[in-house]
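Visitor: Got a structure for you, input08.tsv, holding TSV, N, CA and C atoms.
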chain	number	residue	atom	x	y	z
A	1	LEU	N	-4.80	16.85	-11.35
A	1	LEU	CA	-4.53	15.47	-10.95
A	1	LEU	C	-3.03	15.22	-10.84
A	2	ALA	N	-2.24	15.72	-11.78
A	2	ALA	CA	-0.80	15.50	-11.75
A	2	ALA	C	-0.19	16.13	-10.50
A	3	ASN	N	-0.61	17.35	-10.16
A	3	ASN	CA	-0.09	18.00	-8.95
A	3	ASN	C	-0.47	17.22	-7.70
A	4	ARG	N	-1.68	16.66	-7.70
A	4	ARG	CA	-2.13	15.88	-6.54
A	4	ARG	C	-1.26	14.64	-6.38
A	5	LEU	N	-0.91	13.99	-7.49
A	5	LEU	CA	-0.04	12.81	-7.42
A	5	LEU	C	1.35	13.17	-6.92
A	6	ILE	N	1.89	14.29	-7.40
A	6	ILE	CA	3.22	14.73	-6.97
A	6	ILE	C	3.21	15.05	-5.47
A	7	THR	N	2.21	15.77	-5.03
A	7	THR	CA	2.10	16.11	-3.60
A	7	THR	C	1.92	14.84	-2.77
A	8	GLY	N	1.12	13.91	-3.26
A	8	GLY	CA	0.91	12.65	-2.55
A	8	GLY	C	2.19	11.86	-2.40
A	9	LYS	N	2.98	11.77	-3.47
A	9	LYS	CA	4.26	11.05	-3.41
A	9	LYS	C	5.22	11.74	-2.45
A	10	ALA	N	5.25	13.07	-2.49
A	10	ALA	CA	6.11	13.82	-1.57
A	10	ALA	C	5.70	13.57	-0.12
A	11	ALA	N	4.40	13.51	0.13
A	11	ALA	CA	3.90	13.26	1.48
A	11	ALA	C	4.28	11.86	1.94
A	12	GLU	N	4.19	10.88	1.04
A	12	GLU	CA	4.59	9.51	1.38
A	12	GLU	C	6.08	9.45	1.72
A	13	GLU	N	6.91	10.13	0.92
A	13	GLU	CA	8.35	10.16	1.20
A	13	GLU	C	8.62	10.82	2.55
A	14	TYR	N	7.91	11.90	2.84
A	14	TYR	CA	8.03	12.58	4.14
A	14	TYR	C	7.71	11.62	5.27
A	15	PHE	N	6.61	10.87	5.12
A	15	PHE	CA	6.20	9.93	6.17
A	15	PHE	C	7.27	8.86	6.39
A	16	VAL	N	7.77	8.27	5.30
A	16	VAL	CA	8.77	7.20	5.42
A	16	VAL	C	10.03	7.71	6.12
A	17	MET	N	10.42	8.93	5.81
A	17	MET	CA	11.63	9.50	6.41
A	17	MET	C	11.43	9.88	7.89
A	18	ASN	N	10.21	10.25	8.26
A	18	ASN	CA	9.98	10.82	9.59
A	18	ASN	C	9.24	9.94	10.59
A	19	TYR	N	8.58	8.87	10.14
A	19	TYR	CA	7.74	8.09	11.06
A	19	TYR	C	8.51	7.55	12.28
A	20	PRO	N	9.82	7.18	12.15
A	20	PRO	CA	10.49	6.64	13.35
A	20	PRO	C	10.58	7.64	14.50
A	21	ASN	N	10.45	8.92	14.21
A	21	ASN	CA	10.55	9.95	15.24
A	21	ASN	C	9.19	10.47	15.69
A	22	ILE	N	8.12	9.86	15.21
A	22	ILE	CA	6.77	10.34	15.51
A	22	ILE	C	6.10	9.39	16.49
A	23	SER	N	5.73	9.94	17.64
A	23	SER	CA	4.95	9.15	18.58
A	23	SER	C	3.54	9.05	18.01
A	24	PRO	N	2.89	7.94	18.00
A	24	PRO	CA	3.17	6.67	18.66
A	24	PRO	C	3.84	5.62	17.76
A	25	PHE	N	4.45	6.01	16.65
A	25	PHE	CA	4.98	5.05	15.68
A	25	PHE	C	6.41	4.60	15.95
A	26	GLN	N	7.04	5.14	16.98
A	26	GLN	CA	8.43	4.79	17.27
A	26	GLN	C	8.57	3.30	17.53
A	27	ASN	N	9.62	2.71	16.98
A	27	ASN	CA	9.96	1.29	17.12
A	27	ASN	C	9.07	0.35	16.32
A	28	TYR	N	8.13	0.88	15.54
A	28	TYR	CA	7.26	0.03	14.72
A	28	TYR	C	7.96	-0.30	13.40
A	29	LEU	N	7.68	-1.49	12.88
A	29	LEU	CA	8.20	-1.93	11.60
A	29	LEU	C	7.26	-1.46	10.50
A	30	LEU	N	7.80	-0.85	9.46
A	30	LEU	CA	7.01	-0.28	8.37
A	30	LEU	C	6.87	-1.27	7.21
A	31	THR	N	5.64	-1.46	6.75
A	31	THR	CA	5.37	-2.22	5.54
A	31	THR	C	4.69	-1.29	4.55
A	32	ASP	N	5.29	-1.14	3.37
A	32	ASP	CA	4.74	-0.27	2.32
A	32	ASP	C	3.64	-1.02	1.58
A	33	THR	N	2.42	-0.49	1.64
A	33	THR	CA	1.28	-1.12	0.96
A	33	THR	C	0.70	-0.19	-0.11
A	34	THR	N	1.49	0.83	-0.51
A	34	THR	CA	0.97	1.86	-1.43
A	34	THR	C	0.48	1.29	-2.74
A	35	ASN	N	1.05	0.20	-3.21
A	35	ASN	CA	0.66	-0.36	-4.50
A	35	ASN	C	-0.25	-1.58	-4.38
A	36	MET	N	-0.79	-1.81	-3.21
A	36	MET	CA	-1.63	-3.00	-2.99
A	36	MET	C	-3.12	-2.71	-3.05
A	37	GLY	N	-3.52	-1.44	-3.09
A	37	GLY	CA	-4.94	-1.10	-3.18
A	37	GLY	C	-5.77	-1.58	-2.02
A	38	CYS	N	-5.21	-1.51	-0.81
A	38	CYS	CA	-5.90	-2.06	0.35
A	38	CYS	C	-6.59	-1.02	1.23
A	39	GLY	N	-6.53	0.25	0.86
A	39	GLY	CA	-7.23	1.27	1.62
A	39	GLY	C	-6.36	2.02	2.62
A	40	PHE	N	-5.07	1.74	2.60
A	40	PHE	CA	-4.10	2.47	3.42
A	40	PHE	C	-2.74	2.33	2.75
A	41	ASP	N	-1.84	3.26	3.06
A	41	ASP	CA	-0.53	3.29	2.41
A	41	ASP	C	0.54	2.49	3.14
A	42	TYR	N	0.43	2.44	4.46
A	42	TYR	CA	1.46	1.77	5.26
A	42	TYR	C	0.84	1.02	6.41
A	43	LYS	N	1.43	-0.13	6.71
A	43	LYS	CA	1.07	-0.89	7.91
A	43	LYS	C	2.28	-0.81	8.83
A	44	LEU	N	2.05	-0.44	10.07
A	44	LEU	CA	3.10	-0.36	11.07
A	44	LEU	C	2.84	-1.44	12.11
A	45	SER	N	3.85	-2.26	12.40
A	45	SER	CA	3.66	-3.41	13.28
A	45	SER	C	4.69	-3.43	14.40
A	46	LEU	N	4.25	-3.80	15.58
A	46	LEU	CA	5.13	-4.00	16.73
A	46	LEU	C	4.50	-5.03	17.64
A	47	GLU	N	5.09	-6.23	17.67
A	47	GLU	CA	4.64	-7.30	18.56
A	47	GLU	C	3.14	-7.53	18.50
A	48	GLY	N	2.60	-7.67	17.30
A	48	GLY	CA	1.17	-7.96	17.13
A	48	GLY	C	0.27	-6.75	17.19
A	49	ASP	N	0.82	-5.60	17.46
A	49	ASP	CA	0.06	-4.35	17.49
A	49	ASP	C	0.26	-3.64	16.16
A	50	ASN	N	-0.82	-3.24	15.50
A	50	ASN	CA	-0.72	-2.63	14.18
A	50	ASN	C	-1.42	-1.28	14.10
A	51	TYR	N	-0.83	-0.41	13.30
A	51	TYR	CA	-1.47	0.82	12.85
A	51	TYR	C	-1.54	0.76	11.34
A	52	TYR	N	-2.59	1.34	10.78
A	52	TYR	CA	-2.77	1.41	9.33
A	52	TYR	C	-2.84	2.87	8.96
A	53	VAL	N	-1.91	3.33	8.13
A	53	VAL	CA	-1.73	4.76	7.90
A	53	VAL	C	-2.00	5.12	6.44
A	54	GLU	N	-2.89	6.06	6.24
A	54	GLU	CA	-3.16	6.65	4.93
A	54	GLU	C	-2.53	8.03	4.93
A	55	VAL	N	-1.64	8.28	3.96
A	55	VAL	CA	-0.90	9.55	3.90
A	55	VAL	C	-1.51	10.44	2.82
A	56	LYS	N	-1.74	11.70	3.16
A	56	LYS	CA	-2.25	12.70	2.23
A	56	LYS	C	-1.36	13.93	2.29
A	57	GLY	N	-1.24	14.64	1.17
A	57	GLY	CA	-0.42	15.83	1.11
A	57	GLY	C	-1.19	17.04	0.62
A	58	ILE	N	-0.84	18.20	1.16
A	58	ILE	CA	-1.44	19.48	0.77
A	58	ILE	C	-0.30	20.46	0.53
A	59	ASN	N	-0.30	21.13	-0.60
A	59	ASN	CA	0.77	22.09	-0.92
A	59	ASN	C	0.82	23.26	0.05
A	60	ASP	N	-0.33	23.78	0.42
A	60	ASP	CA	-0.40	24.97	1.26
A	60	ASP	C	-0.60	24.60	2.73
A	61	ARG	N	-0.75	25.62	3.56
A	61	ARG	CA	-0.95	25.38	5.00
A	61	ARG	C	-2.28	24.68	5.28
A	62	GLN	N	-3.27	24.94	4.44
A	62	GLN	CA	-4.57	24.30	4.62
A	62	GLN	C	-5.13	23.94	3.26
A	63	GLY	N	-6.08	23.06	3.26
A	63	GLY	CA	-6.70	22.60	2.03
A	63	GLY	C	-7.55	21.39	2.32
A	64	SER	N	-7.98	20.72	1.28
A	64	SER	CA	-8.85	19.56	1.47
A	64	SER	C	-8.12	18.29	1.06
A	65	VAL	N	-8.56	17.20	1.64
A	65	VAL	CA	-8.06	15.88	1.25
A	65	VAL	C	-9.26	15.03	0.86
A	66	LEU	N	-9.01	14.12	-0.03
A	66	LEU	CA	-10.04	13.23	-0.53
A	66	LEU	C	-9.69	11.81	-0.12
A	67	MET	N	-10.65	11.12	0.44
A	67	MET	CA	-10.48	9.69	0.73
A	67	MET	C	-11.33	8.91	-0.25
A	68	THR	N	-10.77	7.85	-0.80
A	68	THR	CA	-11.54	6.98	-1.67
A	68	THR	C	-12.55	6.21	-0.82
A	69	GLU	N	-13.49	5.59	-1.49
A	69	GLU	CA	-14.48	4.78	-0.77
A	69	GLU	C	-13.80	3.66	0.01
A	70	LYS	N	-12.79	3.04	-0.59
A	70	LYS	CA	-12.07	1.96	0.10
A	70	LYS	C	-11.34	2.48	1.33
A	71	GLU	N	-10.66	3.62	1.21
A	71	GLU	CA	-9.96	4.22	2.35
A	71	GLU	C	-10.95	4.55	3.47
A	72	TYR	N	-12.06	5.16	3.11
A	72	TYR	CA	-13.08	5.54	4.08
A	72	TYR	C	-13.63	4.31	4.80
A	73	ASN	N	-13.93	3.26	4.04
A	73	ASN	CA	-14.47	2.03	4.63
A	73	ASN	C	-13.46	1.37	5.56
A	74	MET	N	-12.18	1.39	5.17
A	74	MET	CA	-11.15	0.82	6.04
A	74	MET	C	-11.06	1.63	7.34
A	75	ALA	N	-11.15	2.95	7.23
A	75	ALA	CA	-11.12	3.80	8.41
A	75	ALA	C	-12.30	3.49	9.33
A	76	GLU	N	-13.46	3.24	8.75
A	76	GLU	CA	-14.64	2.87	9.56
A	76	GLU	C	-14.43	1.54	10.26
A	77	ASP	N	-13.81	0.59	9.57
A	77	ASP	CA	-13.59	-0.74	10.14
A	77	ASP	C	-12.50	-0.76	11.21
A	78	LEU	N	-11.42	-0.03	10.98
A	78	LEU	CA	-10.24	-0.11	11.85
A	78	LEU	C	-10.25	0.90	13.00
A	79	LEU	N	-11.11	1.90	12.93
A	79	LEU	CA	-11.30	2.88	13.99
A	79	LEU	C	-9.98	3.49	14.48
A	80	GLU	N	-9.61	3.30	15.75
A	80	GLU	CA	-8.41	3.92	16.33
A	80	GLU	C	-7.11	3.37	15.76
A	81	ARG	N	-7.17	2.25	15.08
A	81	ARG	CA	-5.96	1.66	14.49
A	81	ARG	C	-5.65	2.30	13.13
A	82	TYR	N	-6.58	3.08	12.60
A	82	TYR	CA	-6.42	3.75	11.30
A	82	TYR	C	-6.02	5.20	11.55
A	83	CYS	N	-4.96	5.62	10.87
A	83	CYS	CA	-4.48	6.99	11.04
A	83	CYS	C	-4.42	7.69	9.69
A	84	LEU	N	-5.06	8.83	9.60
A	84	LEU	CA	-4.93	9.70	8.44
A	84	LEU	C	-3.79	10.65	8.77
A	85	PHE	N	-2.70	10.54	8.01
A	85	PHE	CA	-1.49	11.32	8.25
A	85	PHE	C	-1.41	12.38	7.15
A	86	VAL	N	-1.60	13.64	7.51
A	86	VAL	CA	-1.68	14.72	6.53
A	86	VAL	C	-0.43	15.60	6.64
A	87	VAL	N	0.28	15.71	5.52
A	87	VAL	CA	1.45	16.59	5.45
A	87	VAL	C	1.03	17.82	4.65
A	88	SER	N	1.20	19.00	5.25
A	88	SER	CA	0.81	20.23	4.57
A	88	SER	C	1.99	21.20	4.52
A	89	ASN	N	1.79	22.29	3.80
A	89	ASN	CA	2.76	23.38	3.68
A	89	ASN	C	4.01	22.98	2.90
A	90	PHE	N	3.85	22.20	1.83
A	90	PHE	CA	4.99	21.80	1.01
A	90	PHE	C	5.66	22.99	0.34
A	91	ARG	N	4.93	24.06	0.12
A	91	ARG	CA	5.51	25.24	-0.53
A	91	ARG	C	6.58	25.91	0.33
A	92	GLU	N	6.48	25.72	1.65
A	92	GLU	CA	7.46	26.32	2.57
A	92	GLU	C	8.15	25.21	3.35
A	93	THR	N	7.71	24.97	4.57
A	93	THR	CA	8.29	23.92	5.41
A	93	THR	C	7.19	22.92	5.76
A	94	PRO	N	7.31	21.68	5.30
A	94	PRO	CA	6.25	20.70	5.58
A	94	PRO	C	6.04	20.46	7.07
A	95	VAL	N	4.77	20.33	7.43
A	95	VAL	CA	4.36	19.97	8.79
A	95	VAL	C	3.32	18.87	8.67
A	96	HIS	N	3.16	18.09	9.73
A	96	HIS	CA	2.20	16.98	9.66
A	96	HIS	C	1.22	17.02	10.82
A	97	GLN	N	0.07	16.39	10.56
A	97	GLN	CA	-0.97	16.20	11.56
A	97	GLN	C	-1.43	14.75	11.48
A	98	LEU	N	-1.76	14.17	12.61
A	98	LEU	CA	-2.26	12.81	12.68
A	98	LEU	C	-3.71	12.83	13.13
A	99	PHE	N	-4.54	12.06	12.44
A	99	PHE	CA	-5.95	11.93	12.80
A	99	PHE	C	-6.27	10.45	12.95
A	100	PHE	N	-6.36	9.99	14.19
A	100	PHE	CA	-6.73	8.60	14.44
A	100	PHE	C	-8.25	8.50	14.43
A	101	ASN	N	-8.77	7.40	13.90
A	101	ASN	CA	-10.21	7.21	13.76
A	101	ASN	C	-10.82	8.43	13.04
A	102	PRO	N	-10.29	8.76	11.86
A	102	PRO	CA	-10.65	10.03	11.22
A	102	PRO	C	-12.12	10.20	10.84
A	103	VAL	N	-12.82	9.12	10.54
A	103	VAL	CA	-14.20	9.28	10.09
A	103	VAL	C	-15.21	9.29	11.24
A	104	ARG	N	-14.78	8.89	12.44
A	104	ARG	CA	-15.71	8.84	13.56
A	104	ARG	C	-15.33	9.70	14.75
A	105	SER	N	-14.10	10.22	14.77
A	105	SER	CA	-13.63	10.93	15.96
A	105	SER	C	-14.31	12.27	16.16
A	106	GLY	N	-14.85	12.86	15.08
A	106	GLY	CA	-15.46	14.18	15.18
A	106	GLY	C	-14.50	15.31	14.87
A	107	ASP	N	-13.21	14.99	14.71
A	107	ASP	CA	-12.22	16.02	14.38
A	107	ASP	C	-12.35	16.50	12.94
A	108	LEU	N	-12.79	15.63	12.06
A	108	LEU	CA	-12.94	15.95	10.64
A	108	LEU	C	-14.38	15.69	10.21
A	109	LEU	N	-14.86	16.50	9.29
A	109	LEU	CA	-16.20	16.31	8.76
A	109	LEU	C	-16.09	15.95	7.28
A	110	PHE	N	-16.38	14.71	6.96
A	110	PHE	CA	-16.30	14.24	5.58
A	110	PHE	C	-17.66	14.39	4.90
A	111	GLN	N	-17.64	14.83	3.67
A	111	GLN	CA	-18.86	14.92	2.86
A	111	GLN	C	-18.74	13.94	1.70
A	112	ARG	N	-19.77	13.15	1.54
A	112	ARG	CA	-19.78	12.17	0.45
A	112	ARG	C	-19.92	12.89	-0.89
A	113	GLN	N	-19.09	12.52	-1.84
A	113	GLN	CA	-19.17	13.04	-3.20
A	113	GLN	C	-19.29	11.86	-4.15
A	114	GLU	N	-20.25	11.94	-5.03
A	114	GLU	CA	-20.46	10.86	-5.99
A	114	GLU	C	-20.29	11.42	-7.39
A	115	ARG	N	-19.44	10.76	-8.18
A	115	ARG	CA	-19.20	11.19	-9.55
A	115	ARG	C	-19.43	10.02	-10.49
A	116	HIS	N	-20.06	10.32	-11.60
A	116	HIS	CA	-20.24	9.32	-12.64
A	116	HIS	C	-19.32	9.69	-13.79
A	117	VAL	N	-18.45	8.77	-14.15
A	117	VAL	CA	-17.43	9.04	-15.17
A	117	VAL	C	-17.72	8.21	-16.41
A	118	LYS	N	-17.70	8.87	-17.55
A	118	LYS	CA	-17.84	8.17	-18.82
A	118	LYS	C	-16.44	7.86	-19.33
A	119	GLN	N	-16.18	6.59	-19.57
A	119	GLN	CA	-14.86	6.18	-20.03
A	119	GLN	C	-15.00	5.58	-21.43
A	120	ILE	N	-14.14	6.01	-22.32
A	120	ILE	CA	-14.14	5.49	-23.69
A	120	ILE	C	-12.89	4.65	-23.88
A	121	SER	N	-13.06	3.48	-24.46
A	121	SER	CA	-11.92	2.62	-24.76
A	121	SER	C	-12.07	2.08	-26.17
A	122	PHE	N	-11.02	1.49	-26.68
A	122	PHE	CA	-11.01	0.94	-28.04
A	122	PHE	C	-10.53	-0.50	-27.97
A	123	GLN	N	-11.19	-1.37	-28.71
A	123	GLN	CA	-10.87	-2.79	-28.68
A	123	GLN	C	-10.68	-3.29	-30.10
A	124	THR	N	-9.80	-4.26	-30.26
A	124	THR	CA	-9.61	-4.92	-31.54
A	124	THR	C	-9.40	-6.40	-31.30
A	125	ASN	N	-9.59	-7.20	-32.32
A	125	ASN	CA	-9.34	-8.63	-32.25
A	125	ASN	C	-8.03	-8.95	-32.94
A	126	ILE	N	-7.25	-9.79	-32.37
A	126	ILE	CA	-5.99	-10.23	-32.95
A	126	ILE	C	-6.19	-11.66	-33.40
A	127	ILE	N	-5.90	-11.90	-34.67
A	127	ILE	CA	-6.06	-13.24	-35.23
A	127	ILE	C	-4.69	-13.72	-35.64
A	128	TYR	N	-4.31	-14.89	-35.16
A	128	TYR	CA	-3.00	-15.46	-35.46
A	128	TYR	C	-2.86	-15.69	-36.97
A	129	GLY	N	-1.74	-15.27	-37.50
A	129	GLY	CA	-1.46	-15.50	-38.92
A	129	GLY	C	-1.79	-14.34	-39.81
A	130	ASN	N	-2.35	-13.28	-39.29
A	130	ASN	CA	-2.68	-12.10	-40.11
A	130	ASN	C	-1.70	-10.95	-39.86
A	131	GLU	N	-0.38	-11.28	-39.93
A	131	GLU	CA	0.59	-10.22	-39.73
A	131	GLU	C	0.56	-9.26	-40.88
A	132	VAL	N	0.87	-8.01	-40.59
A	132	VAL	CA	0.88	-6.98	-41.63
A	132	VAL	C	2.22	-6.94	-42.32
Rewrite the coordinates I just gave you, this time as structure tokens.

Guide:
Amino acid sequence: LANRLITGKAAEEYFVMNYPNISPFQNYLLTDTTNMGCGFDYKLSLEGDNYYVEVKGINDRQGSVLMTEKEYNMAEDLLERYCLFVVSNFRETPVHQLFFNPVRSGDLLFQRQERHVKQISFQTNIIYGNEV
């Protein structure tokens, strides 16, 4: 998980640095939505025209990417306006690929994976006036 987060952050940095030179994103204004939980990492806008970009990173030349349920649903809703931007080969020289309408275009085959996670937490009550 830690490596996946590091690769993901590196891929996001790559996208931010390179998107102005990537067709069709040239001249678009970038809005960072990575911390908003909206199903995509960046919104690109130009005169009312928008692209919604989800960035994924892979250390090697090839590998798999995982889309959350929210990301997948947004891709289904936004179709050609949704772009899965995959940066691979971080171990050597990063390269990128763009997949517009990634869940319906036929270029990628997604398989649904369902996991049930058991989470343990601890709770206590705080009562005013009972300082230790």

Visitor: Atom C of Asp77 in chain A to CA of Ala10 in chain A: how many Å, to one decimal?

Guide: 26.9 Å

Visitor: My list of candidates is A:Phe40, A:Phe90, A:Gln26, A:Asn73. Which is closest to Thr7 in chain A when distances are computed with all atoms listed in the file?

Guide: A:Phe90

Visitor: Taking (-3.8, 11.8, 8.8) in the coordinates of the supplied file, I want to know which residues reach to within 5 Å of it, counting only N, CA and C atoms; could you give the answer as a list in words?

Guide: Cys83, Leu84, Phe85, Val86, Gln97, Leu98 and Phe99 of chain A

Visitor: Which residues come within 6 Å of Leu44 in chain A, counting all atoms listed in the file, excluding same-chain residues fewer than 2 positions away, as a PyMOL selection string?

Guide: chain A and resi 28-31+42+46+49-53

Visitor: Once DSSP has gone over the backbone, tell me which residues of chain A are in strand (DSSP E), as a PyMOL selection string.

Guide: chain A and resi 29-32+42-46+49-57+82-88+95-100

Visitor: Which of range 8-131 of chain A counts as helix (DSSP H, G or I) under DSSP, as a VMD selection string please?

Guide: chain A and resid 8 to 21 69 to 81

Visitor: What is the distance between atom C of Gly37 in chain A and CA of Lys70 in chain A, in Å to one decimal?

Guide: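 Pair atom C of Gly37 in chain A / CA of Lys70 in chain A returns 7.5 Å.
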
Visitor: Of the candidates A:Leu66, A:Val95, A:Leu79, A:Met36, which shows the shortest atom-to-atom distance to Phe15 in chain A, using only C-alpha atoms?

Guide: A:Val95

Visitor: Taking all atoms of range 28-38 of chain A that the file lists and extending 8 Å past them on each side, where is the centre of the axis-aligned box and how long are its edges? Answer in Å to one decimal, as lines of an AutoDock Vina configuration file.

Guide:
center_x = 0.8
center_y = -0.6
center_z = 5.5
size_x = 30.8
size_y = 20.9
size_z = 36.0

Visitor: Quick one: residues within 12 Å of Pro94 in chain A, only C-alpha atoms, excluding same-chain residues fewer than 4 positions away - as an mmCIF file with N, CA and C atoms, in the frame of the given file?

Guide:
data_model
loop_
_atom_site.group_PDB
_atom_site.id
_atom_site.type_symbol
_atom_site.label_atom_id
_atom_site.label_comp_id
_atom_site.auth_asym_id
_atom_site.auth_seq_id
_atom_site.Cartn_x
_atom_site.Cartn_y
_atom_site.Cartn_z
ATOM 1 N N THR A 7 2.210 15.770 -5.030
ATOM 2 C CA THR A 7 2.100 16.110 -3.600
ATOM 3 C C THR A 7 1.920 14.840 -2.770
ATOM 4 N N ALA A 10 5.250 13.070 -2.490
ATOM 5 C CA ALA A 10 6.110 13.820 -1.570
ATOM 6 C C ALA A 10 5.700 13.570 -0.120
ATOM 7 N N ALA A 11 4.400 13.510 0.130
ATOM 8 C CA ALA A 11 3.900 13.260 1.480
ATOM 9 C C ALA A 11 4.280 11.860 1.940
ATOM 10 N N GLU A 13 6.910 10.130 0.920
ATOM 11 C CA GLU A 13 8.350 10.160 1.200
ATOM 12 C C GLU A 13 8.620 10.820 2.550
ATOM 13 N N TYR A 14 7.910 11.900 2.840
ATOM 14 C CA TYR A 14 8.030 12.580 4.140
ATOM 15 C C TYR A 14 7.710 11.620 5.270
ATOM 16 N N PHE A 15 6.610 10.870 5.120
ATOM 17 C CA PHE A 15 6.200 9.930 6.170
ATOM 18 C C PHE A 15 7.270 8.860 6.390
ATOM 19 N N ASN A 18 10.210 10.250 8.260
ATOM 20 C CA ASN A 18 9.980 10.820 9.590
ATOM 21 C C ASN A 18 9.240 9.940 10.590
ATOM 22 N N GLY A 57 -1.240 14.640 1.170
ATOM 23 C CA GLY A 57 -0.420 15.830 1.110
ATOM 24 C C GLY A 57 -1.190 17.040 0.620
ATOM 25 N N ILE A 58 -0.840 18.200 1.160
ATOM 26 C CA ILE A 58 -1.440 19.480 0.770
ATOM 27 C C ILE A 58 -0.300 20.460 0.530
ATOM 28 N N ASN A 59 -0.300 21.130 -0.600
ATOM 29 C CA ASN A 59 0.770 22.090 -0.920
ATOM 30 C C ASN A 59 0.820 23.260 0.050
ATOM 31 N N ASP A 60 -0.330 23.780 0.420
ATOM 32 C CA ASP A 60 -0.400 24.970 1.260
ATOM 33 C C ASP A 60 -0.600 24.600 2.730
ATOM 34 N N ARG A 61 -0.750 25.620 3.560
ATOM 35 C CA ARG A 61 -0.950 25.380 5.000
ATOM 36 C C ARG A 61 -2.280 24.680 5.280
ATOM 37 N N GLN A 62 -3.270 24.940 4.440
ATOM 38 C CA GLN A 62 -4.570 24.300 4.620
ATOM 39 C C GLN A 62 -5.130 23.940 3.260
ATOM 40 N N VAL A 86 -1.600 13.640 7.510
ATOM 41 C CA VAL A 86 -1.680 14.720 6.530
ATOM 42 C C VAL A 86 -0.430 15.600 6.640
ATOM 43 N N VAL A 87 0.280 15.710 5.520
ATOM 44 C CA VAL A 87 1.450 16.590 5.450
ATOM 45 C C VAL A 87 1.030 17.820 4.650
ATOM 46 N N SER A 88 1.200 19.000 5.250
ATOM 47 C CA SER A 88 0.810 20.230 4.570
ATOM 48 C C SER A 88 1.990 21.200 4.520
ATOM 49 N N ASN A 89 1.790 22.290 3.800
ATOM 50 C CA ASN A 89 2.760 23.380 3.680
ATOM 51 C C ASN A 89 4.010 22.980 2.900
ATOM 52 N N PHE A 90 3.850 22.200 1.830
ATOM 53 C CA PHE A 90 4.990 21.800 1.010
ATOM 54 C C PHE A 90 5.660 22.990 0.340
#

Visitor: Please indicate the distance in Å from atom C of Pro24 in chain A to CA of Leu109 in chain A, rounded to one decimal place.

Guide: 24.4 Å

Visitor: Would you mind writing range 9-13 of chain A with all heavy atoms, as a short mmCIF file (atom, residue, chain, number, x, y, z; two decimals), in the frame of the given file?

Guide:
data_model
loop_
_atom_site.label_atom_id
_atom_site.label_comp_id
_atom_site.auth_asym_id
_atom_site.auth_seq_id
_atom_site.Cartn_x
_atom_site.Cartn_y
_atom_site.Cartn_z
N LYS A 9 2.98 11.77 -3.47
CA LYS A 9 4.26 11.05 -3.41
C LYS A 9 5.22 11.74 -2.45
O LYS A 9 5.93 11.09 -1.69
CB LYS A 9 4.90 10.95 -4.80
CG LYS A 9 4.22 9.95 -5.70
CD LYS A 9 4.42 8.55 -5.17
CE LYS A 9 3.74 7.53 -6.03
NZ LYS A 9 3.58 6.24 -5.35
N ALA A 10 5.25 13.07 -2.49
CA ALA A 10 6.11 13.82 -1.57
C ALA A 10 5.70 13.57 -0.12
O ALA A 10 6.54 13.42 0.77
CB ALA A 10 6.07 15.31 -1.90
N ALA A 11 4.40 13.51 0.13
CA ALA A 11 3.90 13.26 1.48
C ALA A 11 4.28 11.86 1.94
O ALA A 11 4.67 11.65 3.10
CB ALA A 11 2.38 13.45 1.53
N GLU A 12 4.19 10.88 1.04
CA GLU A 12 4.59 9.51 1.38
C GLU A 12 6.08 9.45 1.72
O GLU A 12 6.48 8.79 2.69
CB GLU A 12 4.25 8.56 0.24
CG GLU A 12 2.76 8.35 0.08
CD GLU A 12 2.39 7.64 -1.22
OE1 GLU A 12 3.28 7.25 -1.99
OE2 GLU A 12 1.17 7.48 -1.46
N GLU A 13 6.91 10.13 0.92
CA GLU A 13 8.35 10.16 1.20
C GLU A 13 8.62 10.82 2.55
O GLU A 13 9.47 10.36 3.32
CB GLU A 13 9.09 10.91 0.09
CG GLU A 13 9.12 10.13 -1.22
CD GLU A 13 9.69 10.94 -2.38
OE1 GLU A 13 10.34 11.99 -2.13
OE2 GLU A 13 9.50 10.51 -3.52
#
